[in-house]
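Pasted below: my_file_16.txt, compact mmCIF, C-alpha atoms.
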# COMPACT_ATOMS: atom_id res chain seq x y z
CA MET T 109 0.00 0.00 0.00
CA GLN T 110 1.31 3.43 -1.01
CA PHE T 111 1.09 6.22 1.58
CA SER T 112 2.13 9.80 1.05
CA SER T 113 2.96 10.20 4.75
CA ALA T 114 5.48 8.24 6.81
CA LEU T 115 3.57 9.09 9.99
CA LEU T 116 0.37 7.63 8.57
CA GLU T 117 2.22 4.57 7.31
CA ALA T 118 3.82 3.90 10.70
CA ALA T 119 0.46 4.10 12.47
CA VAL T 120 -1.22 1.81 9.92
CA ASN T 121 1.62 -0.71 10.19
CA GLU T 122 1.33 -0.79 13.98
CA PHE T 123 -2.44 -1.32 13.83
CA SER T 124 -2.13 -4.07 11.23
CA ARG T 125 0.08 -6.06 13.60
CA LEU T 126 -2.93 -6.69 15.81
CA PRO T 127 -4.59 -10.09 15.27
CA GLY T 128 -7.41 -10.04 12.72
CA ILE T 129 -6.64 -6.48 11.57
CA GLY T 130 -5.51 -6.27 7.94
CA LYS T 131 -4.00 -3.27 6.18
CA LYS T 132 -7.35 -1.95 4.93
CA THR T 133 -9.00 -2.15 8.34
CA ALA T 134 -5.90 -0.60 9.92
CA LEU T 135 -6.12 2.31 7.48
CA ARG T 136 -9.82 2.79 8.26
CA LEU T 137 -9.09 2.87 12.01
CA VAL T 138 -6.17 5.29 11.62
CA LEU T 139 -8.19 7.65 9.40
CA HIS T 140 -10.95 7.51 12.00
CA LEU T 141 -8.48 8.52 14.72
CA LEU T 142 -7.17 11.27 12.43
CA LYS T 143 -10.65 12.80 12.41
CA GLN T 144 -10.90 12.79 16.22
CA ASP T 145 -9.60 15.54 18.53
CA THR T 146 -5.99 15.12 19.58
CA GLU T 147 -7.17 14.79 23.21
CA ALA T 148 -9.47 11.88 22.35
CA VAL T 149 -6.65 10.07 20.56
CA LEU T 150 -4.25 10.66 23.44
CA GLN T 151 -6.90 9.32 25.82
CA PHE T 152 -6.98 6.17 23.67
CA THR T 153 -3.20 5.72 23.54
CA ASN T 154 -2.74 6.61 27.22
CA ALA T 155 -5.36 4.09 28.37
CA ILE T 156 -3.54 1.33 26.51
CA ALA T 157 -0.01 2.35 27.53
CA HIS T 158 -1.16 2.81 31.14
CA MET T 159 -2.89 -0.59 31.15
CA ARG T 160 0.22 -2.34 29.80
CA ARG T 161 2.59 -0.62 32.24
CA GLU T 162 0.48 -0.80 35.41
CA ILE T 163 -1.50 -4.02 35.16
CA ARG T 164 -0.42 -6.83 37.46
CA PHE T 165 -1.35 -10.43 37.95
CA CYS T 166 -3.05 -11.46 41.20
CA LYS T 167 -0.52 -13.06 43.55
CA ARG T 168 -3.05 -15.65 44.53
CA CYS T 169 -5.10 -16.60 41.46
CA PHE T 170 -3.08 -15.08 38.56
CA ASN T 171 -6.08 -13.16 37.26
CA VAL T 172 -5.41 -9.60 36.02
CA ALA T 173 -5.30 -7.18 38.94
CA ASP T 174 -4.81 -3.49 39.72
CA GLU T 175 -3.40 -4.33 43.20
CA ASP T 176 -1.49 -7.27 44.66
CA LEU T 177 -4.74 -9.22 44.87
CA CYS T 178 -7.39 -9.06 42.16
CA SER T 179 -10.80 -7.60 42.94
CA ILE T 180 -12.35 -11.08 43.11
CA CYS T 181 -9.80 -12.48 45.61
CA SER T 182 -10.07 -9.39 47.80
CA ASN T 183 -13.88 -9.39 47.74
CA THR T 184 -15.01 -10.72 51.14
CA PHE T 185 -18.52 -11.38 49.83
CA ARG T 186 -17.22 -14.16 47.60
CA GLN T 187 -16.84 -17.73 48.83
CA GLN T 188 -13.08 -18.10 49.23
CA GLN T 189 -13.45 -21.87 49.83
CA THR T 190 -14.51 -22.62 46.24
CA ILE T 191 -11.93 -22.37 43.47
CA CYS T 192 -12.86 -22.44 39.81
CA VAL T 193 -9.82 -23.54 37.75
CA VAL T 194 -9.67 -21.93 34.29
CA GLU T 195 -7.20 -21.80 31.44
CA ASN T 196 -6.96 -18.03 30.97
CA ILE T 197 -8.28 -14.58 31.81
CA ARG T 198 -10.84 -14.67 29.01
CA ASP T 199 -12.50 -17.63 30.70
CA VAL T 200 -12.73 -15.68 33.99
CA ILE T 201 -14.53 -12.87 32.16
CA ALA T 202 -16.84 -15.37 30.40
CA ILE T 203 -17.82 -17.00 33.72
CA GLU T 204 -18.20 -13.64 35.51
CA ASN T 205 -20.57 -12.55 32.75
CA THR T 206 -22.92 -15.44 33.59
CA GLN T 207 -23.36 -13.97 37.10
CA GLN T 208 -23.86 -17.55 38.29
CA TYR T 209 -20.63 -18.01 40.22
CA ASN T 210 -19.73 -16.56 43.58
CA GLY T 211 -16.45 -18.33 44.39
CA VAL T 212 -12.89 -17.43 43.45
CA TYR T 213 -10.67 -18.48 40.54
CA HIS T 214 -7.32 -19.97 39.72
CA VAL T 215 -5.91 -19.11 36.29
CA LEU T 216 -3.58 -21.86 35.02
CA GLY T 217 -2.16 -19.67 32.26
CA GLY T 218 -2.55 -22.46 29.72
CA ILE T 219 -3.31 -26.13 29.54
CA ILE T 220 -1.19 -29.31 29.49
CA SER T 221 -0.41 -29.94 25.82
CA PRO T 222 2.63 -32.12 25.10
CA LEU T 223 2.33 -31.43 21.36
CA ASP T 224 2.85 -27.71 22.01
CA GLY T 225 5.59 -28.48 24.54
CA ILE T 226 3.51 -27.29 27.51
CA GLY T 227 3.89 -29.44 30.59
CA PRO T 228 2.58 -29.08 34.17
CA ASP T 229 5.62 -27.02 35.21
CA ASP T 230 4.78 -24.31 32.68
CA LEU T 231 1.42 -23.71 34.33
CA ASN T 232 0.35 -22.30 37.70
CA ILE T 233 -0.42 -25.79 39.05
CA GLU T 234 2.11 -25.78 41.91
CA ALA T 235 0.56 -22.54 43.17
CA LEU T 236 -2.88 -24.19 43.09
CA LEU T 237 -1.66 -27.14 45.18
CA GLN T 238 -0.11 -24.68 47.62
CA ARG T 239 -3.42 -22.81 47.91
CA VAL T 240 -5.14 -26.12 48.69
CA ALA T 241 -2.51 -26.86 51.36
CA GLU T 242 -2.74 -23.43 52.99
CA GLU T 243 -6.34 -22.28 52.53
CA LYS T 244 -9.42 -24.17 53.65
CA ILE T 245 -10.62 -25.15 50.19
CA GLU T 246 -13.87 -27.12 50.06
CA GLU T 247 -14.43 -27.48 46.33
CA ILE T 248 -12.43 -27.26 43.14
CA ILE T 249 -14.45 -26.77 39.95
CA PHE T 250 -12.66 -27.40 36.67
CA ALA T 251 -13.94 -25.10 33.91
CA LEU T 252 -11.61 -26.19 31.12
CA ASN T 253 -12.39 -26.62 27.44
CA PRO T 254 -13.84 -30.09 26.71
CA ASN T 255 -10.98 -31.58 24.74
CA ILE T 256 -8.05 -33.97 25.30
CA GLN T 257 -5.78 -31.25 26.69
CA GLY T 258 -8.48 -30.14 29.12
CA ASP T 259 -9.15 -33.70 30.26
CA THR T 260 -5.40 -34.39 30.64
CA THR T 261 -5.02 -31.30 32.80
CA ILE T 262 -7.98 -32.29 34.98
CA TYR T 263 -6.58 -35.82 35.34
CA TYR T 264 -3.11 -34.55 36.31
CA ILE T 265 -4.33 -32.09 38.94
CA GLN T 266 -6.93 -34.48 40.34
CA LYS T 267 -4.17 -37.12 40.87
CA LYS T 268 -2.10 -34.55 42.75
CA LEU T 269 -5.09 -33.79 44.99
CA SER T 270 -5.93 -37.42 45.76
CA GLY T 271 -6.34 -38.13 49.45
CA LYS T 272 -7.38 -34.56 50.25
CA ASP T 273 -10.89 -33.99 51.58
CA ILE T 274 -12.01 -31.76 48.73
CA ARG T 275 -14.97 -32.00 46.41
CA ILE T 276 -13.64 -32.02 42.84
CA THR T 277 -16.11 -31.25 40.04
CA THR T 278 -16.16 -30.15 36.44
CA ILE T 279 -18.67 -27.97 34.64
CA ALA T 280 -21.40 -29.94 32.87
CA ARG T 281 -20.80 -30.97 29.28
CA GLY T 282 -23.77 -31.74 27.11
CA ILE T 283 -26.03 -30.38 24.44
CA ALA T 284 -25.86 -26.56 24.41
CA PHE T 285 -29.06 -24.61 24.94
CA GLY T 286 -30.55 -23.87 21.54
CA GLY T 287 -28.52 -26.73 20.05
CA GLU T 288 -30.12 -29.53 18.09
CA LEU T 289 -29.71 -33.22 18.99
CA GLU T 290 -29.36 -34.41 15.41
CA TYR T 291 -26.37 -32.12 14.81
CA ALA T 292 -24.57 -32.92 18.07
CA ASP T 293 -21.42 -35.03 17.74
CA GLU T 294 -21.55 -38.62 19.05
CA LEU T 295 -19.15 -37.99 21.96
CA THR T 296 -21.15 -35.07 23.33
CA LEU T 297 -24.48 -36.83 22.87
CA GLY T 298 -23.14 -40.10 24.35
CA ARG T 299 -21.67 -38.37 27.39
CA SER T 300 -24.84 -36.34 27.92
CA LEU T 301 -26.76 -39.63 28.08
CA GLN T 302 -24.30 -41.14 30.57
CA ASN T 303 -24.40 -38.03 32.74
CA ARG T 304 -28.16 -37.60 32.59
CA LEU T 305 -29.82 -35.55 35.34
CA PRO T 306 -32.96 -36.27 37.36
CA VAL T 307 -35.58 -33.97 35.83
CA GLU T 308 -36.44 -32.40 39.20
CA ASN T 309 -32.79 -31.28 39.56
CA TYR T 310 -32.80 -29.82 36.09
CA MET T 311 -36.09 -27.97 36.51
CA ASN T 312 -35.06 -26.39 39.81
CA ARG T 313 -32.19 -24.55 38.17
CA MET H 18 -19.11 -7.18 30.54
CA GLN H 19 -17.54 -7.82 33.97
CA PHE H 20 -13.84 -7.09 34.39
CA SER H 21 -11.83 -7.63 37.51
CA SER H 22 -9.44 -4.80 36.59
CA ALA H 23 -10.28 -1.14 36.03
CA LEU H 24 -7.14 -0.75 33.88
CA LEU H 25 -8.25 -3.58 31.60
CA GLU H 26 -11.78 -2.19 31.43
CA ALA H 27 -10.57 1.30 30.46
CA ALA H 28 -8.39 -0.08 27.65
CA VAL H 29 -11.23 -2.29 26.33
CA ASN H 30 -13.65 0.65 26.41
CA GLU H 31 -11.26 2.84 24.43
CA PHE H 32 -10.74 0.15 21.80
CA SER H 33 -14.46 -0.52 21.46
CA ARG H 34 -15.02 3.13 20.53
CA LEU H 35 -13.28 2.49 17.21
CA PRO H 36 -15.64 1.87 14.27
CA GLY H 37 -16.45 -1.80 13.71
CA ILE H 38 -14.80 -2.93 16.97
CA GLY H 39 -17.23 -4.45 19.47
CA LYS H 40 -16.55 -5.28 23.11
CA LYS H 41 -15.47 -8.86 22.39
CA THR H 42 -13.03 -7.86 19.66
CA ALA H 43 -11.72 -5.04 21.86
CA LEU H 44 -11.09 -7.53 24.66
CA ARG H 45 -9.27 -9.86 22.27
CA LEU H 46 -7.04 -7.00 21.06
CA VAL H 47 -6.29 -5.79 24.59
CA LEU H 48 -5.43 -9.29 25.82
CA HIS H 49 -3.16 -9.63 22.79
CA LEU H 50 -1.36 -6.39 23.74
CA LEU H 51 -1.15 -7.62 27.33
CA LYS H 52 0.88 -10.59 26.10
CA GLN H 53 3.35 -8.38 24.21
CA ASP H 54 6.44 -6.74 25.69
CA THR H 55 5.84 -3.33 27.22
CA GLU H 56 8.19 -1.81 24.61
CA ALA H 57 6.15 -3.23 21.71
CA VAL H 58 2.95 -1.82 23.18
CA LEU H 59 4.55 1.59 23.75
CA GLN H 60 5.77 1.53 20.14
CA PHE H 61 2.14 0.96 19.11
CA THR H 62 0.72 3.77 21.25
CA ASN H 63 3.56 6.17 20.41
CA ALA H 64 3.15 5.67 16.66
CA ILE H 65 -0.52 6.59 16.94
CA ALA H 66 -0.07 9.52 19.31
CA HIS H 67 2.84 10.82 17.23
CA MET H 68 0.84 10.48 14.02
CA ARG H 69 -2.12 12.41 15.47
CA ARG H 70 0.04 15.17 16.91
CA GLU H 71 2.46 15.67 14.03
CA ILE H 72 0.50 14.94 10.89
CA ARG H 73 -0.35 17.92 8.69
CA PHE H 74 -2.40 18.53 5.61
CA CYS H 75 -0.64 19.56 2.44
CA LYS H 76 -0.98 23.34 1.87
CA ARG H 77 -1.56 22.77 -1.80
CA CYS H 78 -3.64 19.62 -2.24
CA PHE H 79 -4.92 18.89 1.33
CA ASN H 80 -3.57 15.35 1.28
CA VAL H 81 -1.94 14.11 4.51
CA ALA H 82 1.64 15.33 4.78
CA ASP H 83 4.67 15.20 7.03
CA GLU H 84 5.92 18.61 5.80
CA ASP H 85 4.18 21.72 4.44
CA LEU H 86 3.76 19.98 1.10
CA CYS H 87 2.87 16.30 0.78
CA SER H 88 5.36 13.89 -0.77
CA ILE H 89 3.36 13.81 -4.02
CA CYS H 90 3.24 17.61 -4.47
CA SER H 91 6.95 17.93 -3.69
CA ASN H 92 7.90 15.09 -6.04
CA THR H 93 9.41 16.71 -9.14
CA PHE H 94 9.05 13.49 -11.13
CA ARG H 95 5.27 13.83 -11.07
CA GLN H 96 3.36 15.83 -13.66
CA GLN H 97 2.34 18.92 -11.74
CA GLN H 98 0.08 20.07 -14.61
CA THR H 99 -2.44 17.28 -14.11
CA ILE H 100 -4.70 17.40 -11.06
CA CYS H 101 -6.84 14.45 -9.97
CA VAL H 102 -9.76 15.71 -7.86
CA VAL H 103 -10.83 13.23 -5.14
CA GLU H 104 -13.20 13.25 -2.21
CA ASN H 105 -10.83 12.13 0.55
CA ILE H 106 -7.43 10.74 1.52
CA ARG H 107 -8.60 7.13 1.17
CA ASP H 108 -9.23 7.77 -2.53
CA VAL H 109 -5.67 9.13 -2.96
CA ILE H 110 -4.32 5.90 -1.47
CA ALA H 111 -6.62 3.78 -3.67
CA ILE H 112 -5.43 5.55 -6.85
CA GLU H 113 -1.77 5.47 -5.78
CA ASN H 114 -2.09 1.72 -5.29
CA THR H 115 -3.03 1.27 -8.95
CA GLN H 116 0.40 2.72 -9.92
CA GLN H 117 -1.33 4.07 -13.05
CA TYR H 118 -1.30 7.79 -12.23
CA ASN H 119 1.66 10.15 -12.29
CA GLY H 120 0.01 13.53 -11.74
CA VAL H 121 -0.89 15.33 -8.52
CA TYR H 122 -4.09 15.45 -6.46
CA HIS H 123 -6.58 17.81 -4.94
CA VAL H 124 -8.51 16.48 -1.94
CA LEU H 125 -11.93 18.15 -1.65
CA GLY H 126 -12.48 16.90 1.89
CA GLY H 127 -16.02 15.79 1.05
CA ILE H 128 -18.60 16.11 -1.66
CA ILE H 129 -21.49 18.51 -2.34
CA SER H 130 -24.48 16.99 -0.56
CA PRO H 131 -27.35 19.37 0.28
CA LEU H 132 -29.15 16.64 2.27
CA ASP H 133 -26.16 16.42 4.63
CA GLY H 134 -25.85 20.21 4.69
CA ILE H 135 -22.55 20.18 2.78
CA GLY H 136 -22.26 22.98 0.23
CA PRO H 137 -19.36 24.11 -2.01
CA ASP H 138 -18.01 26.45 0.70
CA ASP H 139 -17.45 23.50 3.08
CA LEU H 140 -15.04 21.91 0.61
CA ASN H 141 -11.60 22.84 -0.72
CA ILE H 142 -13.07 24.05 -4.03
CA GLU H 143 -11.94 27.68 -3.78
CA ALA H 144 -8.37 26.44 -3.27
CA LEU H 145 -8.68 24.30 -6.41
CA LEU H 146 -9.82 27.31 -8.49
CA GLN H 147 -6.91 29.29 -7.09
CA ARG H 148 -4.46 26.53 -8.12
CA VAL H 149 -5.93 26.63 -11.61
CA ALA H 150 -5.47 30.40 -11.69
CA GLU H 151 -1.90 30.35 -10.40
CA GLU H 152 -0.39 27.09 -11.70
CA LYS H 153 -0.24 26.04 -15.34
CA ILE H 154 -2.82 23.28 -15.11
CA GLU H 155 -3.46 21.32 -18.32
CA GLU H 156 -5.94 18.69 -17.18
CA ILE H 157 -8.32 18.14 -14.31
CA ILE H 158 -9.46 14.54 -13.79
CA PHE H 159 -12.47 14.00 -11.56
CA ALA H 160 -12.22 10.72 -9.64
CA LEU H 161 -15.41 10.98 -7.58
CA ASN H 162 -17.85 8.26 -6.65
CA PRO H 163 -20.43 7.69 -9.39
CA ASN H 164 -23.55 8.98 -7.66
CA ILE H 165 -25.71 12.11 -7.61
CA GLN H 166 -23.45 13.91 -5.12
CA GLY H 167 -20.39 13.14 -7.22
CA ASP H 168 -22.07 14.31 -10.42
CA THR H 169 -23.32 17.49 -8.69
CA THR H 170 -19.80 18.27 -7.50
CA ILE H 171 -18.35 17.71 -10.97
CA TYR H 172 -21.06 19.92 -12.50
CA TYR H 173 -20.45 22.73 -10.00
CA ILE H 174 -16.66 22.80 -10.41
CA GLN H 175 -16.82 22.39 -14.17
CA LYS H 176 -19.13 25.47 -14.38
CA LYS H 177 -16.62 27.47 -12.34
CA LEU H 178 -13.86 26.44 -14.75
CA SER H 179 -15.78 27.29 -17.93
CA GLY H 180 -13.84 29.47 -20.34
CA LYS H 181 -10.47 28.22 -19.10
CA ASP H 182 -8.29 26.30 -21.53
CA ILE H 183 -8.16 23.10 -19.49
CA ARG H 184 -9.02 19.55 -20.41
CA ILE H 185 -11.64 18.34 -17.94
CA THR H 186 -12.22 14.58 -17.69
CA THR H 187 -13.71 12.00 -15.37
CA ILE H 188 -12.58 8.44 -14.72
CA ALA H 189 -14.43 5.88 -16.83
CA ARG H 190 -17.60 4.38 -15.46
CA GLY H 191 -18.71 1.05 -16.80
CA ILE H 192 -18.83 -2.64 -16.09
CA ALA H 193 -16.12 -3.57 -13.58
CA PHE H 194 -13.51 -6.13 -14.60
CA GLY H 195 -14.71 -9.53 -13.47
CA GLY H 196 -18.28 -8.19 -13.28
CA GLU H 197 -21.14 -9.86 -15.11
CA LEU H 198 -23.36 -8.00 -17.57
CA GLU H 199 -26.57 -9.64 -16.43
CA TYR H 200 -26.09 -8.42 -12.85
CA ALA H 201 -25.09 -4.84 -13.77
CA ASP H 202 -27.69 -2.16 -13.03
CA GLU H 203 -29.45 -0.50 -15.99
CA LEU H 204 -27.79 2.90 -15.48
CA THR H 205 -24.26 1.50 -15.53
CA LEU H 206 -24.95 -0.78 -18.47
CA GLY H 207 -26.76 1.99 -20.39
CA ARG H 208 -23.95 4.49 -19.81
CA SER H 209 -21.32 1.95 -20.74
CA LEU H 210 -23.10 1.50 -24.08
CA GLN H 211 -23.27 5.25 -24.68
CA ASN H 212 -19.60 5.69 -23.79
CA ARG H 213 -18.39 2.71 -25.79
CA LEU H 214 -14.72 2.64 -26.81
CA PRO H 215 -13.18 1.73 -30.18
CA VAL H 216 -11.75 -1.75 -29.65
CA GLU H 217 -8.27 -0.73 -30.78
CA ASN H 218 -8.18 1.93 -28.00
CA TYR H 219 -9.29 -0.60 -25.45
CA MET H 220 -6.80 -3.27 -26.49
CA ASN H 221 -3.88 -0.88 -26.42
CA ARG H 222 -4.31 -0.23 -22.71

Re-express the file's structure as structure tokens.
Amino acid sequence: MQFSSALLEAAVNEFSRLPGIGKKTALRLVLHLLKQDTEAVLQFTNAIAHMRREIRFCKRCFNVADEDLCSICSNTFRQQQTICVVENIRDVIAIENTQQYNGVYHVLGGIISPLDGIGPDDLNIEALLQRVAEEKIEEIIFALNPNIQGDTTIYYIQKKLSGKDIRITTIARGIAFGGELEYADELTLGRSLQNRLPVENYMNR
Amino acid sequence: MQFSSALLEAAVNEFSRLPGIGKKTALRLVLHLLKQDTEAVLQFTNAIAHMRREIRFCKRCFNVADEDLCSICSNTFRQQQTICVVENIRDVIAIENTQQYNGVYHVLGGIISPLDGIGPDDLNIEALLQRVAEEKIEEIIFALNPNIQGDTTIYYIQKKLSGKDIRITTIARGIAFGGELEYADELTLGRSLQNRLPVENYMNR
């Protein structure tokens, strides 16, 4: 792409490095910013630079945090005895958006995946075991993606926790709401039959 | 959307103000930046802030510029006697990308559109007439979108230039390459019949 301004070109190139943003979209975004007041653009760039420089990761659960502890860990209204184990920060936000969970989290920072060279030591698993040893944890809920890596990670951690008096659960897998039985894959449909629920349980939700 | 960090939330909100970027995309982009080195993120924000603060508009053609004159106006290898009149900067970039044009530009900064309250005085038309009066212009090529506003703008400027010894042209309208006749609208197809080209002209291009 030919630009008649090096400043414009530099800004477009930076934008187009973001995932899913091509050169044309980058140009559209930059020309949009060019039309805004300088103050509005500086507010945009400052918010991002400030976020990158100041953001921390919670000492306890590895969620993003503005202080040493994240706002969920430091919230005394949340049940600190229930830990939901997730892969990454995006999953924390997804679960928080359901407004159905009142415990705390533990962000693994990835998932066991030998093919990608990620083993247990690359994840925040040791810190989770330490939390279990030090805090009075009653339940650990695994909210990992339903695939081989997720199941491997659950298996590994569950082995490490064997012998402890803790309830270990995983989020339900089954047919999604609005999904159609005939299009569900065999594994999902088969498992949802095995793990069927008494109707009175289901209706009370 | 629930965030556990005010810093993260501020950055996502700023990103989601950009056109075509929703909250989910904004979150994806911010989490991507969070994974990058601080230096890379500051390079991103600095390029944008720098661009917004330092960029200028060419004194002569109103294209974006790093100096008083844009790199096209100050390029002595370009034919300064031919002016291509366009609506905005994006059109300059689109034409430059064709690598088929070696003249200079004049960016109107919009198009005459009474319904949107945009009249001739809101555009850089007076400056164009002044260029024609002061510089030795031989040809003016209108490269405006083929719609009523574009045609109105061409008509208005052409009237103002009447009596001057200048060739006034417009880019060809017709069936796009790769387009199909049966799906072309009547106006385009009709005009392309009226403005038919001798085949030898066409083949020599």

Would you work out the distance separating atom CA of Gln144 of chain T from atom CA of Ile135 of chain H, expressed in Å to one decimal?
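We find that atom CA of Gln144 of chain T and atom CA of Ile135 of chain H lie 19.3 Å from each other.
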
Counting all atoms listed in the file, the option among T:Arg239, T:Arg160, T:Lys143, T:Arg304 closest to chain H
T:Arg160

Counting only C-alpha atoms, a student should be able to say which residues of chain H come within 8 Å of chain T; what is the right answer, written as a PDB file with C-alpha atoms, keeping the file's coordinate frame?
ATOM      1  CA  MET H  18     -19.110  -7.180  30.540  1.00  0.00           C
ATOM      2  CA  GLN H  19     -17.540  -7.820  33.970  1.00  0.00           C
ATOM      3  CA  PHE H  20     -13.840  -7.090  34.390  1.00  0.00           C
ATOM      4  CA  SER H  21     -11.830  -7.630  37.510  1.00  0.00           C
ATOM      5  CA  SER H  22      -9.440  -4.800  36.590  1.00  0.00           C
ATOM      6  CA  ALA H  23     -10.280  -1.140  36.030  1.00  0.00           C
ATOM      7  CA  LEU H  24      -7.140  -0.750  33.880  1.00  0.00           C
ATOM      8  CA  LEU H  25      -8.250  -3.580  31.600  1.00  0.00           C
ATOM      9  CA  ALA H  27     -10.570   1.300  30.460  1.00  0.00           C
ATOM     10  CA  ALA H  28      -8.390  -0.080  27.650  1.00  0.00           C
ATOM     11  CA  GLU H  31     -11.260   2.840  24.430  1.00  0.00           C
ATOM     12  CA  PHE H  32     -10.740   0.150  21.800  1.00  0.00           C
ATOM     13  CA  LEU H  35     -13.280   2.490  17.210  1.00  0.00           C
ATOM     14  CA  PRO H  36     -15.640   1.870  14.270  1.00  0.00           C
ATOM     15  CA  LEU H  46      -7.040  -7.000  21.060  1.00  0.00           C
ATOM     16  CA  VAL H  47      -6.290  -5.790  24.590  1.00  0.00           C
ATOM     17  CA  HIS H  49      -3.160  -9.630  22.790  1.00  0.00           C
ATOM     18  CA  LEU H  50      -1.360  -6.390  23.740  1.00  0.00           C
ATOM     19  CA  LEU H  51      -1.150  -7.620  27.330  1.00  0.00           C
ATOM     20  CA  THR H  55       5.840  -3.330  27.220  1.00  0.00           C
ATOM     21  CA  VAL H  58       2.950  -1.820  23.180  1.00  0.00           C
ATOM     22  CA  LEU H  59       4.550   1.590  23.750  1.00  0.00           C
ATOM     23  CA  GLN H  60       5.770   1.530  20.140  1.00  0.00           C
ATOM     24  CA  PHE H  61       2.140   0.960  19.110  1.00  0.00           C
ATOM     25  CA  THR H  62       0.720   3.770  21.250  1.00  0.00           C
ATOM     26  CA  ASN H  63       3.560   6.170  20.410  1.00  0.00           C
ATOM     27  CA  ALA H  64       3.150   5.670  16.660  1.00  0.00           C
ATOM     28  CA  ILE H  65      -0.520   6.590  16.940  1.00  0.00           C
ATOM     29  CA  ALA H  66      -0.070   9.520  19.310  1.00  0.00           C
ATOM     30  CA  HIS H  67       2.840  10.820  17.230  1.00  0.00           C
ATOM     31  CA  MET H  68       0.840  10.480  14.020  1.00  0.00           C
ATOM     32  CA  ARG H  69      -2.120  12.410  15.470  1.00  0.00           C
ATOM     33  CA  ARG H  70       0.040  15.170  16.910  1.00  0.00           C
ATOM     34  CA  GLU H  71       2.460  15.670  14.030  1.00  0.00           C
ATOM     35  CA  ILE H  72       0.500  14.940  10.890  1.00  0.00           C
ATOM     36  CA  ASN H  80      -3.570  15.350   1.280  1.00  0.00           C
ATOM     37  CA  VAL H  81      -1.940  14.110   4.510  1.00  0.00           C
ATOM     38  CA  ALA H  82       1.640  15.330   4.780  1.00  0.00           C
ATOM     39  CA  ASP H  83       4.670  15.200   7.030  1.00  0.00           C
ATOM     40  CA  CYS H  87       2.870  16.300   0.780  1.00  0.00           C
ATOM     41  CA  SER H  88       5.360  13.890  -0.770  1.00  0.00           C
ATOM     42  CA  ILE H  89       3.360  13.810  -4.020  1.00  0.00           C
ATOM     43  CA  ILE H 110      -4.320   5.900  -1.470  1.00  0.00           C
ATOM     44  CA  GLU H 113      -1.770   5.470  -5.780  1.00  0.00           C
ATOM     45  CA  ASN H 114      -2.090   1.720  -5.290  1.00  0.00           C
TER      46      ASN H 114
END

Could you jot down the atom CA of Gln117 of chain H to atom CA of Phe159 of chain H separation for me, Å, one decimal place?
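One can read the atom CA of Gln117 of chain H to atom CA of Phe159 of chain H distance as 15.0 Å.
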
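Atom to atom, atom CA of Asp139 of chain H and atom CA of Gly127 of chain H stand 8.1 Å apart.
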
Could you name the residues that touch Leu236 of chain T at 12 Å or less, counting all atoms listed in the file, but leaving out those on the same chain fewer than 2 positions away, as a PDB file with C-alpha atoms, in the frame of the given file?
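And here's part-v5.pdb as it stands now:
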ATOM      1  CA  LYS T 167      -0.520 -13.060  43.550  1.00  0.00           C
ATOM      2  CA  ARG T 168      -3.050 -15.650  44.530  1.00  0.00           C
ATOM      3  CA  CYS T 169      -5.100 -16.600  41.460  1.00  0.00           C
ATOM      4  CA  PHE T 170      -3.080 -15.080  38.560  1.00  0.00           C
ATOM      5  CA  ILE T 191     -11.930 -22.370  43.470  1.00  0.00           C
ATOM      6  CA  CYS T 192     -12.860 -22.440  39.810  1.00  0.00           C
ATOM      7  CA  VAL T 193      -9.820 -23.540  37.750  1.00  0.00           C
ATOM      8  CA  VAL T 194      -9.670 -21.930  34.290  1.00  0.00           C
ATOM      9  CA  TYR T 213     -10.670 -18.480  40.540  1.00  0.00           C
ATOM     10  CA  HIS T 214      -7.320 -19.970  39.720  1.00  0.00           C
ATOM     11  CA  VAL T 215      -5.910 -19.110  36.290  1.00  0.00           C
ATOM     12  CA  LEU T 216      -3.580 -21.860  35.020  1.00  0.00           C
ATOM     13  CA  GLY T 217      -2.160 -19.670  32.260  1.00  0.00           C
ATOM     14  CA  PRO T 228       2.580 -29.080  34.170  1.00  0.00           C
ATOM     15  CA  ASP T 229       5.620 -27.020  35.210  1.00  0.00           C
ATOM     16  CA  LEU T 231       1.420 -23.710  34.330  1.00  0.00           C
ATOM     17  CA  ASN T 232       0.350 -22.300  37.700  1.00  0.00           C
ATOM     18  CA  ILE T 233      -0.420 -25.790  39.050  1.00  0.00           C
ATOM     19  CA  GLU T 234       2.110 -25.780  41.910  1.00  0.00           C
ATOM     20  CA  GLN T 238      -0.110 -24.680  47.620  1.00  0.00           C
ATOM     21  CA  ARG T 239      -3.420 -22.810  47.910  1.00  0.00           C
ATOM     22  CA  VAL T 240      -5.140 -26.120  48.690  1.00  0.00           C
ATOM     23  CA  ALA T 241      -2.510 -26.860  51.360  1.00  0.00           C
ATOM     24  CA  GLU T 242      -2.740 -23.430  52.990  1.00  0.00           C
ATOM     25  CA  GLU T 243      -6.340 -22.280  52.530  1.00  0.00           C
ATOM     26  CA  ILE T 245     -10.620 -25.150  50.190  1.00  0.00           C
ATOM     27  CA  ILE T 248     -12.430 -27.260  43.140  1.00  0.00           C
ATOM     28  CA  ILE T 265      -4.330 -32.090  38.940  1.00  0.00           C
ATOM     29  CA  GLN T 266      -6.930 -34.480  40.340  1.00  0.00           C
ATOM     30  CA  LYS T 268      -2.100 -34.550  42.750  1.00  0.00           C
ATOM     31  CA  LEU T 269      -5.090 -33.790  44.990  1.00  0.00           C
TER      32      LEU T 269
END
